[in-house]
Amino acid sequence: MSTRTLVVALAVLGAAVGLGRPAWAQDADPATGWRIASAPHIDLWYHGLAVVEFRGFGPLALYDEFYPAEIRREKGGRAAPASELDQQANRFREAFSGDSTFEFLHFLPLYFAAADRESMLGALRALAENVARPAIPSAAAQFGANATSIVISELEKRQLVAQFANALDDEWRLFYAADRDRRRAAREARLAALQERWDRVFEPALTPYLRSARLDRGVILVSPALGQEGRIFRGDLENRTDNLVAVGLRPAGSRPDAELHAAVRELCFPLVRQAIDASGIEFADRFEGERVSSQAAVVCGATLLDRFAPSVALDYRRNYVIGGDEADPGTVTEAFAAAHGLDSRLDTALRSVVDSIE
């Protein structure tokens, strides 16, 4: 089972519990579509995995490759004391990288979207303290605790995750809380600009697909540690608002819509699964499956925008082509096709499922 398939299976299994409405999203209008937001506990989790350099799977980077060095420079410039996260980084990286069970950690905070930092980290400690009857600190953390307990069932592995949670708490206290607050104004300005573009350009154009995929509403989480490979969580399919996408917050000077391009790619994964099933392609192992699915999602985003939002399709391609900013449109299109070519059976199936959207 691929990591993304596992995420879908856990979402279905946990649908009866439900994510609930995140505390940090209470001010969002539930009647509107997708909200662009940032959540402190999710940012902290991905910050931690990026700092320990747990790289994970797939051809695209799960975390911004420049992020760990940037954080080290920031800590050095502010004379921040070494946290438990800093001191234990090598140990966490080696342990997480050595067992495929821990690939779930790349998705774990999305299951705690309704929680906050204290309840998420407290739930992870509780799972390690009592395997049979963990004392989950809040109802908001129950969904995440249930999902985590299914995947990480062994006590020793839960204890390692609890130790990581303790290290994140220390990181928050010694550095991250203040650093995140220092970046507040720039972050809020970027989120507001992205929301305006999404509301005006992307969402109206993509509405036919979003409705057909039951992705009418949700939250696009923008987190600075994430790389080009984002995350998508589809909750209860009967709840058309219970959806999350997580993408990287790009630094100043990046393409204006870079985060939205990444969100479109993530929203394509339901189409990619349909196309793979229809193509009849079988993968040698889950690693090949992850690689092909990742490439297909990049191509799917371009194909989806070609049909529903052609005015932004070229910029999307530029985002996935090295040196695309300087190249003319024809060169960008050719370079994109060369970099992200698919098996002809999958390419045909993908175009067919996009064309079938009404």
# chains A, B, ... in the order shown; residues from 1 in each chain; ligands from 1

call {"tool": "residues_around", "arguments": {"residues": "Pro329 of chain A", "least_positions_apart": "3", "cutoff": "10 Å", "atoms": "only C-alpha atoms", "output": "PyMOL selection string"}}
result
chain A and resi 314-315+317-318+324-326+332-335

call {"tool": "residues_around", "arguments": {"residues": "segment 71-82 of chain A", "least_positions_apart": "6", "cutoff": "10 Å", "atoms": "only C-alpha atoms", "output": "VMD selection string"}}
result
chain A and resid 47 50 to 51 170 to 171 174 to 176 179 225

call {"tool": "write_last_selection", "arguments": {"atoms": "N, CA and C atoms", "output": "tab-separated table (two decimals), in the first residue's frame"}}
result
chain	number	residue	atom	x	y	z
A	47	HIS	N	8.28	21.84	10.62
A	47	HIS	CA	9.57	22.45	10.96
A	47	HIS	C	10.50	21.40	11.58
A	50	ALA	N	11.69	18.83	9.03
A	50	ALA	CA	12.64	19.44	8.10
A	50	ALA	C	14.00	19.65	8.76
A	51	VAL	N	14.00	20.10	10.02
A	51	VAL	CA	15.25	20.37	10.73
A	51	VAL	C	16.06	19.10	10.94
A	170	ASP	N	10.23	21.58	23.31
A	170	ASP	CA	11.43	22.33	23.69
A	170	ASP	C	11.81	23.33	22.59
A	171	GLU	N	11.70	22.90	21.35
A	171	GLU	CA	11.99	23.78	20.21
A	171	GLU	C	11.04	24.98	20.19
A	174	LEU	N	12.14	27.40	23.10
A	174	LEU	CA	13.45	28.05	22.99
A	174	LEU	C	13.62	28.90	21.72
A	175	PHE	N	12.83	28.58	20.67
A	175	PHE	CA	13.08	29.29	19.40
A	175	PHE	C	11.83	29.51	18.56
A	176	TYR	N	11.06	28.45	18.30
A	176	TYR	CA	10.11	28.52	17.19
A	176	TYR	C	8.96	29.48	17.44
A	179	ASP	N	10.23	32.94	16.73
A	179	ASP	CA	10.58	33.08	15.31
A	179	ASP	C	9.32	33.18	14.45
A	225	ALA	N	8.12	25.08	5.92
A	225	ALA	CA	9.13	24.02	5.83
A	225	ALA	C	8.90	23.07	4.68

call {"tool": "residues_around", "arguments": {"residues": "Arg133 of chain A", "least_positions_apart": "4", "cutoff": "12 Å", "atoms": "only C-alpha atoms", "output": "list in words"}}
result
Ala123, Ala126, Leu127, Ala128, Glu129, Ala145, Asn146 and Ser149 of chain A

call {"tool": "write_last_selection", "arguments": {"atoms": "N, CA and C atoms", "output": "tab-separated table (two decimals), in the first residue's frame"}}
result
chain	number	residue	atom	x	y	z
A	123	ALA	N	-1.40	14.07	23.06
A	123	ALA	CA	-1.98	12.82	22.58
A	123	ALA	C	-0.89	11.83	22.19
A	126	ALA	N	0.49	10.37	25.27
A	126	ALA	CA	-0.46	9.44	25.88
A	126	ALA	C	-0.43	8.09	25.19
A	127	LEU	N	-0.26	8.08	23.86
A	127	LEU	CA	-0.19	6.81	23.12
A	127	LEU	C	1.01	5.99	23.55
A	128	ALA	N	2.08	6.66	23.94
A	128	ALA	CA	3.28	5.94	24.38
A	128	ALA	C	3.18	5.48	25.82
A	129	GLU	N	2.39	6.17	26.62
A	129	GLU	CA	2.28	5.85	28.05
A	129	GLU	C	1.33	4.68	28.32
A	145	ALA	N	-5.25	10.80	17.22
A	145	ALA	CA	-4.76	9.71	18.07
A	145	ALA	C	-5.20	8.36	17.52
A	146	ASN	N	-6.44	8.28	17.07
A	146	ASN	CA	-6.94	7.02	16.49
A	146	ASN	C	-6.13	6.62	15.27
A	149	SER	N	-2.56	5.57	16.23
A	149	SER	CA	-2.50	4.27	16.90
A	149	SER	C	-2.64	3.11	15.94

call {"tool": "atom_distance", "arguments": {"atom1": "atom CA of Pro270 of chain A", "atom2": "atom CA of Ala297 of chain A"}}
result
9.3 Å

call {"tool": "atom_distance", "arguments": {"atom1": "atom CA of Asp257 of chain A", "atom2": "atom CA of Tyr316 of chain A"}}
result
8.2 Å

call {"tool": "atom_distance", "arguments": {"atom1": "atom CA of Val151 of chain A", "atom2": "atom CA of Val292 of chain A"}}
result
24.1 Å

call {"tool": "residues_around", "arguments": {"residues": "Phe57 of chain A", "least_positions_apart": "3", "cutoff": "10 Å", "atoms": "only C-alpha atoms", "output": "JSON, numbers by chain"}}
result
{"A": [3, 54, 60, 61, 62, 97, 100, 103, 106, 229, 286, 287, 290, 291]}

call {"tool": "closest_residue", "arguments": {"among": "A:Ala193, A:Val312, A:Val353, A:Ala115", "to": "Ser212 of chain A", "atoms": "only C-alpha atoms"}}
result
A:Val353

call {"tool": "residues_around", "arguments": {"residues": "Asp355 of chain A", "least_positions_apart": "4", "cutoff": "12 Å", "atoms": "only C-alpha atoms", "output": "PyMOL selection string"}}
result
chain A and resi 208-209+271+275+300+303-308+348-351

call {"tool": "select_by_dssp", "arguments": {"residues": "segment 156-342 of chain A", "states": "strand (DSSP E)", "output": "number ranges by chain"}}
result
A: 218-223, 231-234, 243-248

call {"tool": "closest_residue", "arguments": {"among": "A:Gly227, A:Phe336, A:Glu259, A:Leu105", "to": "Gly323 of chain A", "atoms": "only C-alpha atoms"}}
result
A:Phe336

call {"tool": "residues_around", "arguments": {"residues": "Ala252 of chain A", "least_positions_apart": "2", "cutoff": "12 Å", "atoms": "only C-alpha atoms", "output": "ChimeraX atom specification"}}
result
/A:183,186-187,189-190,224,249-250,254-258

call {"tool": "write_last_selection", "arguments": {"atoms": "N, CA and C atoms", "output": "PDB file, in the first residue's frame"}}
result
ATOM      1  N   ARG A 183       7.810  36.513  12.054  1.00  0.00           N
ATOM      2  CA  ARG A 183       7.468  36.416  10.638  1.00  0.00           C
ATOM      3  C   ARG A 183       5.978  36.640  10.370  1.00  0.00           C
ATOM      4  N   ALA A 186       4.776  39.281   7.436  1.00  0.00           N
ATOM      5  CA  ALA A 186       5.064  38.804   6.081  1.00  0.00           C
ATOM      6  C   ALA A 186       4.179  37.619   5.729  1.00  0.00           C
ATOM      7  N   ARG A 187       3.987  36.719   6.691  1.00  0.00           N
ATOM      8  CA  ARG A 187       3.156  35.541   6.434  1.00  0.00           C
ATOM      9  C   ARG A 187       1.711  35.941   6.152  1.00  0.00           C
ATOM     10  N   ALA A 189       0.541  38.757   5.077  1.00  0.00           N
ATOM     11  CA  ALA A 189       0.427  39.457   3.790  1.00  0.00           C
ATOM     12  C   ALA A 189       0.438  38.467   2.633  1.00  0.00           C
ATOM     13  N   ARG A 190       1.299  37.462   2.714  1.00  0.00           N
ATOM     14  CA  ARG A 190       1.365  36.452   1.657  1.00  0.00           C
ATOM     15  C   ARG A 190       0.073  35.642   1.599  1.00  0.00           C
ATOM     16  N   PRO A 224       5.900  26.896   5.913  1.00  0.00           N
ATOM     17  CA  PRO A 224       7.191  27.286   5.326  1.00  0.00           C
ATOM     18  C   PRO A 224       8.204  26.169   5.163  1.00  0.00           C
ATOM     19  N   LEU A 249       5.132  27.282   1.927  1.00  0.00           N
ATOM     20  CA  LEU A 249       5.110  28.740   1.818  1.00  0.00           C
ATOM     21  C   LEU A 249       6.416  29.170   1.186  1.00  0.00           C
ATOM     22  N   ARG A 250       6.343  29.682  -0.011  1.00  0.00           N
ATOM     23  CA  ARG A 250       7.552  30.020  -0.743  1.00  0.00           C
ATOM     24  C   ARG A 250       8.137  31.351  -0.267  1.00  0.00           C
ATOM     25  N   SER A 254       9.449  34.598  -4.896  1.00  0.00           N
ATOM     26  CA  SER A 254       9.014  33.427  -5.655  1.00  0.00           C
ATOM     27  C   SER A 254       7.908  33.817  -6.617  1.00  0.00           C
ATOM     28  N   ARG A 255       7.545  32.901  -7.507  1.00  0.00           N
ATOM     29  CA  ARG A 255       6.443  33.158  -8.432  1.00  0.00           C
ATOM     30  C   ARG A 255       5.178  33.481  -7.633  1.00  0.00           C
ATOM     31  N   PRO A 256       4.389  34.441  -8.089  1.00  0.00           N
ATOM     32  CA  PRO A 256       3.227  34.884  -7.314  1.00  0.00           C
ATOM     33  C   PRO A 256       2.260  33.764  -6.939  1.00  0.00           C
ATOM     34  N   ASP A 257       2.067  32.791  -7.802  1.00  0.00           N
ATOM     35  CA  ASP A 257       1.072  31.743  -7.561  1.00  0.00           C
ATOM     36  C   ASP A 257       1.701  30.400  -7.207  1.00  0.00           C
ATOM     37  N   ALA A 258       2.951  30.372  -6.776  1.00  0.00           N
ATOM     38  CA  ALA A 258       3.642  29.098  -6.578  1.00  0.00           C
ATOM     39  C   ALA A 258       2.891  28.179  -5.628  1.00  0.00           C
TER      40      ALA A 258
END

call {"tool": "residues_around", "arguments": {"residues": "Val219 of chain A", "least_positions_apart": "5", "cutoff": "9 Å", "atoms": "only C-alpha atoms", "output": "PyMOL selection string"}}
result
chain A and resi 25+33-37+241-246

call {"tool": "closest_residue", "arguments": {"among": "A:Gln87, A:Asn166, A:Gln195, A:Ser119", "to": "Phe143 of chain A", "atoms": "only C-alpha atoms"}}
result
A:Ser119

call {"tool": "decode", "arguments": {"residues": "segment 245-298 of chain A", "atoms": "C-alpha atoms", "output": "short mmCIF file (atom, residue, chain, number, x, y, z; two decimals), in the first residue's frame"}}
result
data_model
loop_
_atom_site.label_atom_id
_atom_site.label_comp_id
_atom_site.auth_asym_id
_atom_site.auth_seq_id
_atom_site.Cartn_x
_atom_site.Cartn_y
_atom_site.Cartn_z
CA VAL A 245 -4.25 20.45 1.49
CA ALA A 246 -0.79 21.38 2.78
CA VAL A 247 1.80 23.09 0.59
CA GLY A 248 5.04 25.01 1.12
CA LEU A 249 5.11 28.74 1.82
CA ARG A 250 7.55 30.02 -0.74
CA PRO A 251 10.10 32.72 0.15
CA ALA A 252 9.84 36.34 -0.95
CA GLY A 253 10.56 36.75 -4.65
CA SER A 254 9.01 33.43 -5.65
CA ARG A 255 6.44 33.16 -8.43
CA PRO A 256 3.23 34.88 -7.31
CA ASP A 257 1.07 31.74 -7.56
CA ALA A 258 3.64 29.10 -6.58
CA GLU A 259 1.66 27.90 -3.55
CA LEU A 260 -1.55 27.75 -5.58
CA HIS A 261 0.13 25.72 -8.31
CA ALA A 262 1.20 23.26 -5.62
CA ALA A 263 -2.36 23.15 -4.27
CA VAL A 264 -3.77 22.38 -7.73
CA ARG A 265 -1.30 19.52 -8.04
CA GLU A 266 -2.39 18.10 -4.68
CA LEU A 267 -6.07 18.43 -5.61
CA CYS A 268 -5.31 16.31 -8.68
CA PHE A 269 -4.51 13.13 -6.74
CA PRO A 270 -8.11 11.79 -6.89
CA LEU A 271 -7.90 12.09 -10.69
CA VAL A 272 -4.49 10.43 -10.71
CA ARG A 273 -5.86 7.43 -8.83
CA GLN A 274 -8.71 7.13 -11.34
CA ALA A 275 -6.31 7.34 -14.26
CA ILE A 276 -3.92 4.73 -12.83
CA ASP A 277 -6.81 2.33 -12.26
CA ALA A 278 -8.12 2.93 -15.79
CA SER A 279 -4.68 2.55 -17.40
CA GLY A 280 -4.16 -0.98 -16.10
CA ILE A 281 -0.56 -0.17 -15.18
CA GLU A 282 0.98 -2.28 -12.43
CA PHE A 283 3.96 -1.10 -10.40
CA ALA A 284 6.96 -3.18 -9.44
CA ASP A 285 6.84 -1.84 -5.88
CA ARG A 286 5.39 1.00 -3.85
CA PHE A 287 8.39 3.23 -4.59
CA GLU A 288 7.67 3.07 -8.31
CA GLY A 289 4.03 3.71 -7.53
CA GLU A 290 4.90 6.84 -5.52
CA ARG A 291 7.23 8.09 -8.25
CA VAL A 292 4.74 7.63 -11.08
CA SER A 293 1.84 9.05 -9.04
CA SER A 294 3.90 12.12 -8.19
CA GLN A 295 4.81 12.75 -11.83
CA ALA A 296 1.22 12.11 -12.92
CA ALA A 297 -0.04 14.69 -10.42
CA VAL A 298 2.27 17.34 -11.91
#
